[in-house]
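See below for data18.pdb, which holds PDB, C-alpha atoms.
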```
ATOM      1  CA  MET A   1      20.416  49.362 -48.631
ATOM      2  CA  SER A   2      21.445  47.162 -45.658
ATOM      3  CA  GLY A   3      19.698  46.892 -42.289
ATOM      4  CA  LEU A   4      21.098  46.840 -38.766
ATOM      5  CA  ARG A   5      24.807  47.528 -38.409
ATOM      6  CA  ILE A   6      26.981  46.774 -35.389
ATOM      7  CA  GLU A   7      30.250  48.691 -35.146
ATOM      8  CA  LEU A   8      32.599  48.584 -32.204
ATOM      9  CA  GLY A   9      36.229  48.339 -31.212
ATOM     10  CA  ALA A  10      38.955  50.903 -31.791
ATOM     11  CA  SER A  11      37.795  53.686 -34.104
ATOM     12  CA  ASP A  12      41.406  54.243 -35.225
ATOM     13  CA  ALA A  13      42.091  50.534 -35.770
ATOM     14  CA  ASP A  14      44.245  49.277 -38.637
ATOM     15  CA  ASP A  15      42.287  46.053 -38.987
ATOM     16  CA  VAL A  16      38.629  45.160 -39.322
ATOM     17  CA  LEU A  17      36.600  41.960 -39.113
ATOM     18  CA  VAL A  18      33.305  41.996 -41.021
ATOM     19  CA  TRP A  19      30.449  39.616 -40.125
ATOM     20  CA  PHE A  20      27.478  38.515 -42.222
ATOM     21  CA  PRO A  21      24.575  36.589 -40.613
ATOM     22  CA  ALA A  22      22.762  33.495 -41.897
ATOM     23  CA  VAL A  23      19.470  33.324 -43.730
ATOM     24  CA  GLY A  24      16.658  33.842 -41.229
ATOM     25  CA  ASP A  25      19.035  35.376 -38.708
ATOM     26  CA  SER A  26      20.218  38.929 -38.095
ATOM     27  CA  VAL A  27      23.516  40.508 -37.132
ATOM     28  CA  ARG A  28      21.672  41.196 -33.855
ATOM     29  CA  SER A  29      22.655  37.680 -32.753
ATOM     30  CA  PHE A  30      26.337  38.572 -33.197
ATOM     31  CA  GLY A  31      26.294  41.401 -30.607
ATOM     32  CA  ARG A  32      27.570  39.406 -27.656
ATOM     33  CA  THR A  33      30.364  37.804 -29.691
ATOM     34  CA  ALA A  34      31.326  41.211 -31.079
ATOM     35  CA  LEU A  35      31.560  42.726 -27.595
ATOM     36  CA  LEU A  36      33.756  39.855 -26.422
ATOM     37  CA  LEU A  37      35.947  39.949 -29.504
ATOM     38  CA  ALA A  38      36.457  43.698 -29.189
ATOM     39  CA  SER A  39      37.535  43.338 -25.577
ATOM     40  CA  ARG A  40      39.931  40.478 -26.361
ATOM     41  CA  VAL A  41      41.595  41.830 -29.492
ATOM     42  CA  ARG A  42      42.707  45.385 -28.952
ATOM     43  CA  GLY A  43      43.138  47.374 -32.123
ATOM     44  CA  LEU A  44      40.507  45.430 -34.066
ATOM     45  CA  ARG A  45      37.403  47.112 -35.454
ATOM     46  CA  ILE A  46      34.369  44.850 -35.726
ATOM     47  CA  VAL A  47      31.575  45.513 -38.196
ATOM     48  CA  GLY A  48      28.454  43.353 -38.418
ATOM     49  CA  ILE A  49      26.117  44.041 -41.303
ATOM     50  CA  ASP A  50      22.560  42.848 -41.908
ATOM     51  CA  PRO A  51      21.949  42.229 -45.601
ATOM     52  CA  PRO A  52      18.823  43.871 -46.977
ATOM     53  CA  GLY A  53      15.738  41.995 -45.816
ATOM     54  CA  TYR A  54      17.541  40.154 -43.012
ATOM     55  CA  GLY A  55      16.121  40.828 -39.576
ATOM     56  CA  GLY A  56      12.741  41.587 -41.177
ATOM     57  CA  GLY A  57      11.454  42.215 -44.664
ATOM     58  CA  ALA A  58      12.028  40.530 -47.987
ATOM     59  CA  PRO A  59      15.627  39.606 -48.862
ATOM     60  CA  PRO A  60      16.619  39.763 -52.531
ATOM     61  CA  SER A  61      18.228  36.833 -54.355
ATOM     62  CA  PHE A  62      21.690  35.533 -53.491
ATOM     63  CA  ALA A  63      22.927  36.839 -56.837
ATOM     64  CA  GLU A  64      21.905  40.333 -55.795
ATOM     65  CA  LEU A  65      23.534  39.905 -52.384
ATOM     66  CA  TYR A  66      26.728  38.685 -54.075
ATOM     67  CA  ALA A  67      26.876  42.117 -55.694
ATOM     68  CA  TRP A  68      25.863  43.919 -52.498
ATOM     69  CA  ALA A  69      28.437  42.294 -50.154
ATOM     70  CA  PRO A  70      31.646  43.498 -51.912
ATOM     71  CA  SER A  71      30.251  47.015 -52.165
ATOM     72  CA  GLU A  72      29.739  47.053 -48.386
ATOM     73  CA  VAL A  73      33.255  45.778 -47.740
ATOM     74  CA  ALA A  74      34.752  48.232 -50.242
ATOM     75  CA  ARG A  75      33.524  51.023 -47.950
ATOM     76  CA  LEU A  76      36.091  49.751 -45.417
ATOM     77  CA  ASN A  77      39.053  50.161 -47.745
ATOM     78  CA  SER A  78      40.876  52.500 -45.376
ATOM     79  CA  PHE A  79      41.675  49.528 -43.111
ATOM     80  CA  ARG A  80      44.960  47.721 -43.675
ATOM     81  CA  HIS A  81      43.632  44.206 -43.095
ATOM     82  CA  ILE A  82      40.025  43.256 -43.843
ATOM     83  CA  VAL A  83      38.914  39.784 -42.738
ATOM     84  CA  VAL A  84      35.378  38.789 -43.716
ATOM     85  CA  SER A  85      33.360  36.142 -41.949
ATOM     86  CA  GLY A  86      29.861  34.768 -41.831
ATOM     87  CA  ASN A  87      27.720  32.159 -40.140
ATOM     88  CA  SER A  88      26.079  29.514 -42.307
ATOM     89  CA  SER A  89      24.957  31.066 -45.609
ATOM     90  CA  GLY A  90      26.538  34.304 -44.380
ATOM     91  CA  GLY A  91      29.725  32.461 -45.322
ATOM     92  CA  ALA A  92      28.635  32.582 -48.957
ATOM     93  CA  LEU A  93      28.238  36.351 -48.644
ATOM     94  CA  ALA A  94      31.707  36.538 -47.066
ATOM     95  CA  ALA A  95      33.111  34.600 -50.020
ATOM     96  CA  ALA A  96      31.378  36.955 -52.451
ATOM     97  CA  ALA A  97      32.732  39.949 -50.555
ATOM     98  CA  ALA A  98      36.259  38.522 -50.655
ATOM     99  CA  ALA A  99      36.009  37.716 -54.355
ATOM    100  CA  GLY A 100      34.871  41.215 -55.222
ATOM    101  CA  SER A 101      36.857  43.510 -52.934
ATOM    102  CA  ARG A 102      40.260  43.849 -51.284
ATOM    103  CA  THR A 103      40.370  41.474 -48.334
ATOM    104  CA  THR A 104      43.011  39.649 -46.313
ATOM    105  CA  GLY A 105      41.127  36.444 -45.579
ATOM    106  CA  VAL A 106      37.821  34.684 -45.017
ATOM    107  CA  ILE A 107      36.553  32.792 -41.962
ATOM    108  CA  PHE A 108      33.637  30.436 -42.648
ATOM    109  CA  VAL A 109      31.585  29.625 -39.549
ATOM    110  CA  CYS A 110      29.496  26.457 -39.907
ATOM    111  CA  TRP A 111      29.560  26.719 -43.688
ATOM    112  CA  PRO A 112      31.551  24.452 -46.026
ATOM    113  CA  ASP A 113      32.409  23.905 -49.637
ATOM    114  CA  TRP A 114      29.269  21.994 -50.614
ATOM    115  CA  ARG A 115      31.174  19.778 -53.045
ATOM    116  CA  PHE A 116      32.030  17.769 -49.904
ATOM    117  CA  GLY A 117      28.425  17.239 -48.792
ATOM    118  CA  SER A 118      24.780  17.892 -49.557
ATOM    119  CA  PRO A 119      23.294  21.258 -48.651
ATOM    120  CA  PRO A 120      20.029  21.252 -46.671
ATOM    121  CA  THR A 121      16.919  21.317 -48.832
ATOM    122  CA  LEU A 122      14.462  24.189 -49.086
ATOM    123  CA  GLU A 123      11.942  22.157 -47.070
ATOM    124  CA  GLU A 124      14.491  21.588 -44.306
ATOM    125  CA  LEU A 125      15.593  25.216 -44.117
ATOM    126  CA  CYS A 126      12.185  26.845 -44.495
ATOM    127  CA  PRO A 127       9.719  24.796 -42.488
ATOM    128  CA  LEU A 128       6.033  25.468 -42.974
ATOM    129  CA  ASP A 129       4.809  23.887 -39.742
ATOM    130  CA  ALA A 130       5.839  23.291 -36.134
ATOM    131  CA  ALA A 131       7.060  19.753 -36.830
ATOM    132  CA  GLY A 132       9.368  21.038 -39.565
ATOM    133  CA  LEU A 133      10.685  23.747 -37.264
ATOM    134  CA  ASP A 134      11.310  21.180 -34.530
ATOM    135  CA  SER A 135      13.287  19.090 -36.987
ATOM    136  CA  LEU A 136      15.357  22.094 -38.066
ATOM    137  CA  LEU A 137      16.036  23.206 -34.496
ATOM    138  CA  THR A 138      16.954  19.709 -33.372
ATOM    139  CA  ARG A 139      19.521  19.461 -36.125
ATOM    140  CA  SER A 140      20.934  22.926 -35.692
ATOM    141  CA  TRP A 141      21.194  23.432 -31.925
ATOM    142  CA  HIS A 142      23.314  21.620 -29.352
ATOM    143  CA  ALA A 143      20.721  22.396 -26.680
ATOM    144  CA  MET A 144      17.804  24.630 -27.536
ATOM    145  CA  SER A 145      17.161  27.608 -25.310
ATOM    146  CA  ILE A 146      14.545  29.574 -27.192
ATOM    147  CA  ASP A 147      11.061  30.370 -25.997
ATOM    148  CA  ASP A 148       7.708  29.990 -27.745
ATOM    149  CA  SER A 149       7.565  33.570 -28.991
ATOM    150  CA  VAL A 150      10.940  33.169 -30.702
ATOM    151  CA  ARG A 151       9.833  29.843 -32.205
ATOM    152  CA  GLU A 152       6.736  31.511 -33.617
ATOM    153  CA  ARG A 153       8.797  34.331 -35.096
ATOM    154  CA  TRP A 154      11.228  31.886 -36.736
ATOM    155  CA  LEU A 155       8.403  29.846 -38.196
ATOM    156  CA  ARG A 156       6.676  32.961 -39.523
ATOM    157  CA  GLN A 157       9.865  34.366 -41.004
ATOM    158  CA  LEU A 158      11.518  31.225 -42.375
ATOM    159  CA  GLY A 159       8.250  29.933 -43.820
ATOM    160  CA  SER A 160       7.369  33.185 -45.551
ATOM    161  CA  PRO A 161       7.264  33.186 -49.352
ATOM    162  CA  GLU A 162       9.943  35.896 -49.406
ATOM    163  CA  HIS A 163      12.423  33.797 -47.411
ATOM    164  CA  ARG A 164      11.614  30.640 -49.310
ATOM    165  CA  ALA A 165      12.326  32.481 -52.569
ATOM    166  CA  HIS A 166      15.572  33.828 -51.124
ATOM    167  CA  VAL A 167      16.759  30.388 -49.972
ATOM    168  CA  ALA A 168      15.691  28.830 -53.280
ATOM    169  CA  SER A 169      17.898  31.337 -55.107
ATOM    170  CA  PHE A 170      21.058  29.815 -53.579
ATOM    171  CA  ASP A 171      23.034  28.198 -56.367
ATOM    172  CA  ALA A 172      25.587  25.648 -55.179
ATOM    173  CA  ASN A 173      27.482  25.792 -58.480
ATOM    174  CA  GLY A 174      27.748  29.574 -58.340
ATOM    175  CA  TYR A 175      28.994  29.356 -54.775
ATOM    176  CA  ALA A 176      31.590  26.745 -55.762
ATOM    177  CA  ALA A 177      32.806  29.090 -58.497
ATOM    178  CA  LEU A 178      33.170  31.842 -55.905
ATOM    179  CA  LEU A 179      35.310  29.563 -53.749
ATOM    180  CA  ASP A 180      37.462  28.576 -56.704
ATOM    181  CA  GLY A 181      38.080  32.241 -57.421
ATOM    182  CA  LEU A 182      39.225  33.106 -53.906
ATOM    183  CA  GLU A 183      42.861  34.129 -53.801
ATOM    184  CA  VAL A 184      43.099  34.933 -50.091
ATOM    185  CA  PRO A 185      43.685  32.500 -47.212
ATOM    186  CA  THR A 186      40.626  30.927 -45.633
ATOM    187  CA  ALA A 187      39.757  29.337 -42.296
ATOM    188  CA  PHE A 188      36.835  27.231 -41.138
ATOM    189  CA  VAL A 189      34.913  26.826 -37.866
ATOM    190  CA  ALA A 190      32.465  23.981 -37.204
ATOM    191  CA  GLY A 191      30.048  23.240 -34.387
ATOM    192  CA  GLU A 192      30.584  19.828 -32.855
ATOM    193  CA  SER A 193      26.833  19.173 -32.616
ATOM    194  CA  ASP A 194      25.850  20.752 -35.928
ATOM    195  CA  ARG A 195      23.731  18.234 -37.829
ATOM    196  CA  LEU A 196      22.671  20.767 -40.461
ATOM    197  CA  VAL A 197      26.224  21.433 -41.681
ATOM    198  CA  PRO A 198      28.170  18.433 -40.343
ATOM    199  CA  PRO A 199      31.650  19.100 -38.939
ATOM    200  CA  ALA A 200      33.094  16.356 -41.182
ATOM    201  CA  VAL A 201      31.982  18.302 -44.269
ATOM    202  CA  VAL A 202      33.499  21.519 -42.907
ATOM    203  CA  ARG A 203      36.719  19.703 -42.044
ATOM    204  CA  ALA A 204      36.971  18.236 -45.566
ATOM    205  CA  SER A 205      36.455  21.722 -46.994
ATOM    206  CA  ALA A 206      39.288  23.076 -44.860
ATOM    207  CA  GLU A 207      41.643  20.223 -45.722
ATOM    208  CA  ALA A 208      41.023  20.680 -49.445
ATOM    209  CA  ARG A 209      42.139  24.310 -49.169
ATOM    210  CA  ASN A 210      44.915  23.612 -46.660
ATOM    211  CA  ALA A 211      43.041  26.007 -44.393
ATOM    212  CA  ALA A 212      42.909  26.352 -40.616
ATOM    213  CA  PHE A 213      40.047  24.432 -38.989
ATOM    214  CA  LEU A 214      38.578  24.717 -35.497
ATOM    215  CA  ILE A 215      35.734  22.730 -33.998
ATOM    216  CA  LEU A 216      33.697  24.199 -31.146
ATOM    217  CA  PRO A 217      32.466  21.715 -28.511
ATOM    218  CA  ARG A 218      28.847  21.704 -27.278
ATOM    219  CA  VAL A 219      27.769  23.994 -30.102
ATOM    220  CA  GLY A 220      25.461  23.400 -33.057
ATOM    221  CA  HIS A 221      24.941  25.591 -36.096
ATOM    222  CA  TYR A 222      24.698  28.976 -34.342
ATOM    223  CA  PRO A 223      27.782  29.441 -32.128
ATOM    224  CA  GLN A 224      27.134  33.198 -31.906
ATOM    225  CA  LEU A 225      23.909  32.345 -30.057
ATOM    226  CA  GLU A 226      24.958  29.165 -28.312
ATOM    227  CA  ASP A 227      28.438  30.021 -27.035
ATOM    228  CA  PRO A 228      29.617  33.573 -27.805
ATOM    229  CA  PRO A 229      32.803  33.283 -25.670
ATOM    230  CA  SER A 230      33.978  30.212 -27.626
ATOM    231  CA  LEU A 231      33.215  31.801 -30.983
ATOM    232  CA  ALA A 232      34.982  35.020 -29.961
ATOM    233  CA  SER A 233      38.074  33.001 -29.014
ATOM    234  CA  ALA A 234      37.966  31.083 -32.295
ATOM    235  CA  LEU A 235      37.585  34.243 -34.388
ATOM    236  CA  ALA A 236      40.429  35.917 -32.484
ATOM    237  CA  GLU A 237      42.728  32.948 -33.080
ATOM    238  CA  LEU A 238      41.863  32.577 -36.755
ATOM    239  CA  TRP A 239      42.003  36.336 -37.393
ATOM    240  CA  LEU A 240      45.521  36.361 -35.937
ATOM    241  CA  GLY A 241      46.534  33.426 -38.143
ATOM    242  CA  LEU A 242      45.123  34.992 -41.298
ATOM    243  CA  THR A 243      46.793  38.341 -40.718
ATOM    244  CA  ARG A 244      50.077  37.214 -39.144
ATOM    245  CA  GLU A 245      51.838  36.673 -42.443
ATOM    246  CA  ARG A 246      50.761  40.075 -43.705
ATOM    247  CA  ARG A 247      51.945  41.746 -40.514
ATOM    248  CA  SER A 248      55.500  40.416 -40.612
TER     249      SER A 248
ATOM    250  CA  MET N   1      21.950  54.296  -3.804
ATOM    251  CA  ASP N   2      22.742  56.506  -6.802
ATOM    252  CA  ALA N   3      22.431  55.852 -10.543
ATOM    253  CA  SER N   4      26.063  54.890 -10.999
ATOM    254  CA  GLU N   5      25.861  52.222  -8.284
ATOM    255  CA  VAL N   6      22.640  50.774  -9.729
ATOM    256  CA  GLU N   7      24.224  50.768 -13.172
ATOM    257  CA  ARG N   8      27.371  49.079 -11.829
ATOM    258  CA  GLN N   9      25.385  46.254 -10.241
ATOM    259  CA  ILE N  10      23.240  45.641 -13.327
ATOM    260  CA  ARG N  11      26.348  45.769 -15.489
ATOM    261  CA  GLU N  12      28.069  43.227 -13.257
ATOM    262  CA  TYR N  13      25.070  40.895 -13.606
ATOM    263  CA  ILE N  14      24.885  41.184 -17.417
ATOM    264  CA  VAL N  15      28.636  40.696 -17.839
ATOM    265  CA  ALA N  16      28.559  37.573 -15.681
ATOM    266  CA  GLU N  17      25.380  36.063 -17.107
ATOM    267  CA  ARG N  18      25.486  37.118 -20.756
ATOM    268  CA  LEU N  19      29.115  37.872 -21.610
ATOM    269  CA  GLY N  20      30.969  35.083 -19.875
ATOM    270  CA  GLY N  21      32.541  37.533 -17.409
ATOM    271  CA  ASP N  22      34.267  39.660 -20.059
ATOM    272  CA  GLY N  23      32.598  43.043 -20.444
ATOM    273  CA  ALA N  24      35.363  45.519 -21.167
ATOM    274  CA  GLU N  25      33.500  46.854 -24.217
ATOM    275  CA  LEU N  26      30.048  47.022 -22.637
ATOM    276  CA  THR N  27      29.299  50.707 -22.109
ATOM    277  CA  ALA N  28      26.377  52.536 -20.547
ATOM    278  CA  ASP N  29      24.953  53.176 -24.009
ATOM    279  CA  THR N  30      25.518  49.781 -25.671
ATOM    280  CA  PRO N  31      22.177  48.864 -27.293
ATOM    281  CA  LEU N  32      21.303  45.788 -25.240
ATOM    282  CA  LEU N  33      18.260  44.627 -27.183
ATOM    283  CA  GLU N  34      19.295  45.729 -30.632
ATOM    284  CA  TRP N  35      22.630  43.920 -30.356
ATOM    285  CA  GLY N  36      21.141  40.817 -28.764
ATOM    286  CA  VAL N  37      22.970  41.218 -25.452
ATOM    287  CA  LEU N  38      19.519  40.643 -23.948
ATOM    288  CA  ASP N  39      16.902  38.346 -25.456
ATOM    289  CA  SER N  40      13.429  37.432 -24.310
ATOM    290  CA  LEU N  41      14.600  34.735 -21.897
ATOM    291  CA  SER N  42      17.406  36.770 -20.388
ATOM    292  CA  VAL N  43      15.088  39.773 -19.900
ATOM    293  CA  VAL N  44      12.915  37.644 -17.611
ATOM    294  CA  GLU N  45      15.986  36.565 -15.648
ATOM    295  CA  LEU N  46      17.281  40.129 -15.480
ATOM    296  CA  MET N  47      13.955  41.405 -14.141
ATOM    297  CA  THR N  48      14.034  38.733 -11.430
ATOM    298  CA  PHE N  49      17.544  39.872 -10.543
ATOM    299  CA  VAL N  50      16.682  43.584 -10.298
ATOM    300  CA  GLU N  51      13.552  42.886  -8.255
ATOM    301  CA  GLN N  52      15.496  40.832  -5.737
ATOM    302  CA  ARG N  53      18.623  42.990  -5.686
ATOM    303  CA  PHE N  54      16.882  46.348  -5.424
ATOM    304  CA  GLY N  55      13.730  45.320  -3.556
ATOM    305  CA  ILE N  56      11.322  46.525  -6.212
ATOM    306  CA  THR N  57       8.477  45.136  -8.309
ATOM    307  CA  VAL N  58       8.698  45.815 -12.023
ATOM    308  CA  PRO N  59       5.167  46.133 -13.460
ATOM    309  CA  PRO N  60       4.764  44.219 -16.749
ATOM    310  CA  GLU N  61       4.020  47.428 -18.647
ATOM    311  CA  GLN N  62       7.444  48.759 -17.632
ATOM    312  CA  ILE N  63       9.252  45.807 -19.231
ATOM    313  CA  SER N  64       9.442  47.655 -22.517
ATOM    314  CA  ALA N  65      12.039  48.255 -25.205
ATOM    315  CA  PRO N  66      12.690  51.893 -24.190
ATOM    316  CA  ASN N  67      13.397  50.844 -20.579
ATOM    317  CA  LEU N  68      15.588  47.913 -21.624
ATOM    318  CA  GLN N  69      17.507  49.836 -24.257
ATOM    319  CA  SER N  70      20.784  50.270 -22.342
ATOM    320  CA  LEU N  71      22.388  50.189 -18.912
ATOM    321  CA  THR N  72      21.490  53.858 -18.561
ATOM    322  CA  THR N  73      17.773  53.323 -19.195
ATOM    323  CA  LEU N  74      17.711  50.199 -17.011
ATOM    324  CA  SER N  75      19.242  51.973 -14.036
ATOM    325  CA  ALA N  76      16.850  54.906 -14.540
ATOM    326  CA  LEU N  77      13.943  52.430 -14.423
ATOM    327  CA  VAL N  78      15.199  50.939 -11.163
ATOM    328  CA  LEU N  79      15.650  54.361  -9.587
ATOM    329  CA  ARG N  80      12.134  55.436 -10.642
ATOM    330  CA  LEU N  81      10.600  52.305  -9.136
ATOM    331  CA  ARG N  82      12.581  52.722  -5.925
ATOM    332  CA  GLY N  83      11.004  56.155  -5.637
TER     333      GLY N  83
END
```

As a first step, turn the structure in this file into structure tokens.
Amino acid sequence: MSGLRIELGASDADDVLVWFPAVGDSVRSFGRTALLLASRVRGLRIVGIDPPGYGGGAPPSFAELYAWAPSEVARLNSFRHIVVSGNSSGGALAAAAAAGSRTTGVIFVCWPDWRFGSPPTLEELCPLDAAGLDSLLTRSWHAMSIDDSVRERWLRQLGSPEHRAHVASFDANGYAALLDGLEVPTAFVAGESDRLVPPAVVRASAEARNAAFLILPRVGHYPQLEDPPSLASALAELWLGLTRERRS
Amino acid sequence: MDASEVERQIREYIVAERLGGDGAELTADTPLLEWGVLDSLSVVELMTFVEQRFGITVPPEQISAPNLQSLTTLSALVLRLRG
């Protein structure tokens, strides 16, 4: 039922890191980070999964994806340690996966516990015109490096009725309940220049859970696009921290 | 210049420019477009590099997904255009 899948790293690995992309994005944008992570952490399998409708098409509701995500992770049950991660709203899918399957930990990238801040509105996340897209990009990138054709694609995709319905289906209370139900350790990454999901909100989320927290300099909301080497280093460090206790 | 040398030079460029110098996991068959190793901006820069490095002109119609699919298809494109 899912779309594009990236799999690399040791095929006989004991451990796996699973990545879910954000609304409007695709696991395609995680490729460079995945290559770097696989070369830096020997013995780690990396699996990036596009939810249905991501990367093109019509995504179902978050409630449906909350049921989909654990079923995808359950297919990886042969691994000893399973760490799930996601960028932005992909973090909500990671939380759902961790709540509904056997996992070792969760790494939230630019995604907080929204009880410490206000989530972006539907109008902010799904712009209908160029001015709205400019506003979104200005808030979410440290320094934009996308061309006109990509801008047009984002506007077409994010502004589509299917994506607006998907984003509108996000329920902050349901997500909070998912977080409250998590029994595995968590870690948080924030982008220093992220004005869509402010680092202070991510930091507060981490402190409330006594979780590890890293902030990436000169990065906005999409570190996998803006600075793959820094994100790969952060994921490697946090993965090691989340699994260290289980290894000893 | 044979295919492996062309591939090595293109690989070196992509590792330096797109992977921060760390390309241990980049293989000849890694899907460059599908995995976002190359995007629309970096394709333009890569074409400039191959034209200058290998002394060729890449016609616009050859800048296509099948030719940009992997290091293998990229080096085959360069060798075809070198004649």

*Exercise: Val150 of chain A partners within 10 Å, all atoms listed in the file, chain neighbours under 4 positions left out, as a list in words*: Ser145, Ile146, Trp154, Leu155 and Arg156 of chain A; Asp39, Ser40 and Leu41 of chain N

*Just give me the gap between atom CA of Val167 of chain A and atom CA of Ala234 of chain A in Å, one decimal is fine.*
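Distance between the two atoms: 27.6 Å.
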
*Out of N:Met47, N:Pro59, N:Ala65, N:Arg82, which residue has the shortest atom-to-atom distance to Ile10 of chain N when counting only C-alpha atoms?*
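Answer, going by the shortest atom-to-atom distance: N:Met47.
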
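Once the PyMOL selection byres ((chain A) within 6 of (chain N)) is applied to this file, the selection holds Arg28, Ser29, Gly31, Arg32, Leu35 and Ser39 of chain A.
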
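Here, the PyMOL selection byres ((chain A and resi 129) around 10) matches Cys126, Pro127, Leu128, Ala130, Ala131, Gly132, Leu133, Asp134, Glu152, Leu155, Arg156 and Gly159 of chain A.
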
*Atom-to-atom span, atom CA of Leu214 of chain A and atom CA of Glu237 of chain A, Å*: 9.5 Å

Using all heavy atoms, give me segment 177-183 of chain A from the structure I just pasted, as a short mmCIF file (atom, residue, chain, number, x, y, z; two decimals), in the first residue's frame.
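Dumped to result_14.cif:
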```cif
data_model
loop_
_atom_site.label_atom_id
_atom_site.label_comp_id
_atom_site.auth_asym_id
_atom_site.auth_seq_id
_atom_site.Cartn_x
_atom_site.Cartn_y
_atom_site.Cartn_z
N ALA A 177 -2.18 11.81 22.72
CA ALA A 177 -2.46 10.51 23.35
C ALA A 177 -1.45 9.46 22.92
O ALA A 177 -1.02 8.62 23.72
CB ALA A 177 -3.88 10.06 22.99
N LEU A 178 -1.03 9.55 21.65
CA LEU A 178 0.01 8.62 21.17
C LEU A 178 1.29 8.81 21.97
O LEU A 178 1.92 7.84 22.40
CB LEU A 178 0.32 8.91 19.70
CG LEU A 178 -0.48 8.22 18.61
CD1 LEU A 178 0.04 8.66 17.24
CD2 LEU A 178 -0.37 6.70 18.74
N LEU A 179 1.67 10.08 22.15
CA LEU A 179 2.91 10.37 22.89
C LEU A 179 2.80 9.86 24.33
O LEU A 179 3.75 9.30 24.87
CB LEU A 179 3.19 11.88 22.89
CG LEU A 179 3.63 12.49 21.57
CD1 LEU A 179 3.88 13.99 21.75
CD2 LEU A 179 4.88 11.82 21.04
N ASP A 180 1.65 10.07 24.93
CA ASP A 180 1.48 9.63 26.32
C ASP A 180 1.57 8.11 26.44
O ASP A 180 1.94 7.58 27.49
CB ASP A 180 0.13 10.11 26.86
CG ASP A 180 0.14 11.62 27.13
OD1 ASP A 180 1.24 12.19 27.22
OD2 ASP A 180 -0.96 12.21 27.23
N GLY A 181 1.25 7.43 25.37
CA GLY A 181 1.28 5.97 25.40
C GLY A 181 2.64 5.37 25.07
O GLY A 181 2.82 4.15 25.17
N LEU A 182 3.59 6.22 24.67
CA LEU A 182 4.90 5.68 24.28
C LEU A 182 5.67 5.18 25.49
O LEU A 182 5.83 5.92 26.47
CB LEU A 182 5.73 6.76 23.57
CG LEU A 182 5.41 7.07 22.12
CD1 LEU A 182 6.42 8.08 21.57
CD2 LEU A 182 5.45 5.79 21.29
N GLU A 183 6.17 3.96 25.39
CA GLU A 183 6.91 3.39 26.52
C GLU A 183 8.39 3.23 26.21
O GLU A 183 9.13 2.66 27.01
CB GLU A 183 6.28 2.05 26.91
CG GLU A 183 4.87 2.22 27.48
CD GLU A 183 4.21 0.90 27.81
OE1 GLU A 183 4.78 -0.15 27.45
OE2 GLU A 183 3.12 0.92 28.41
#
```
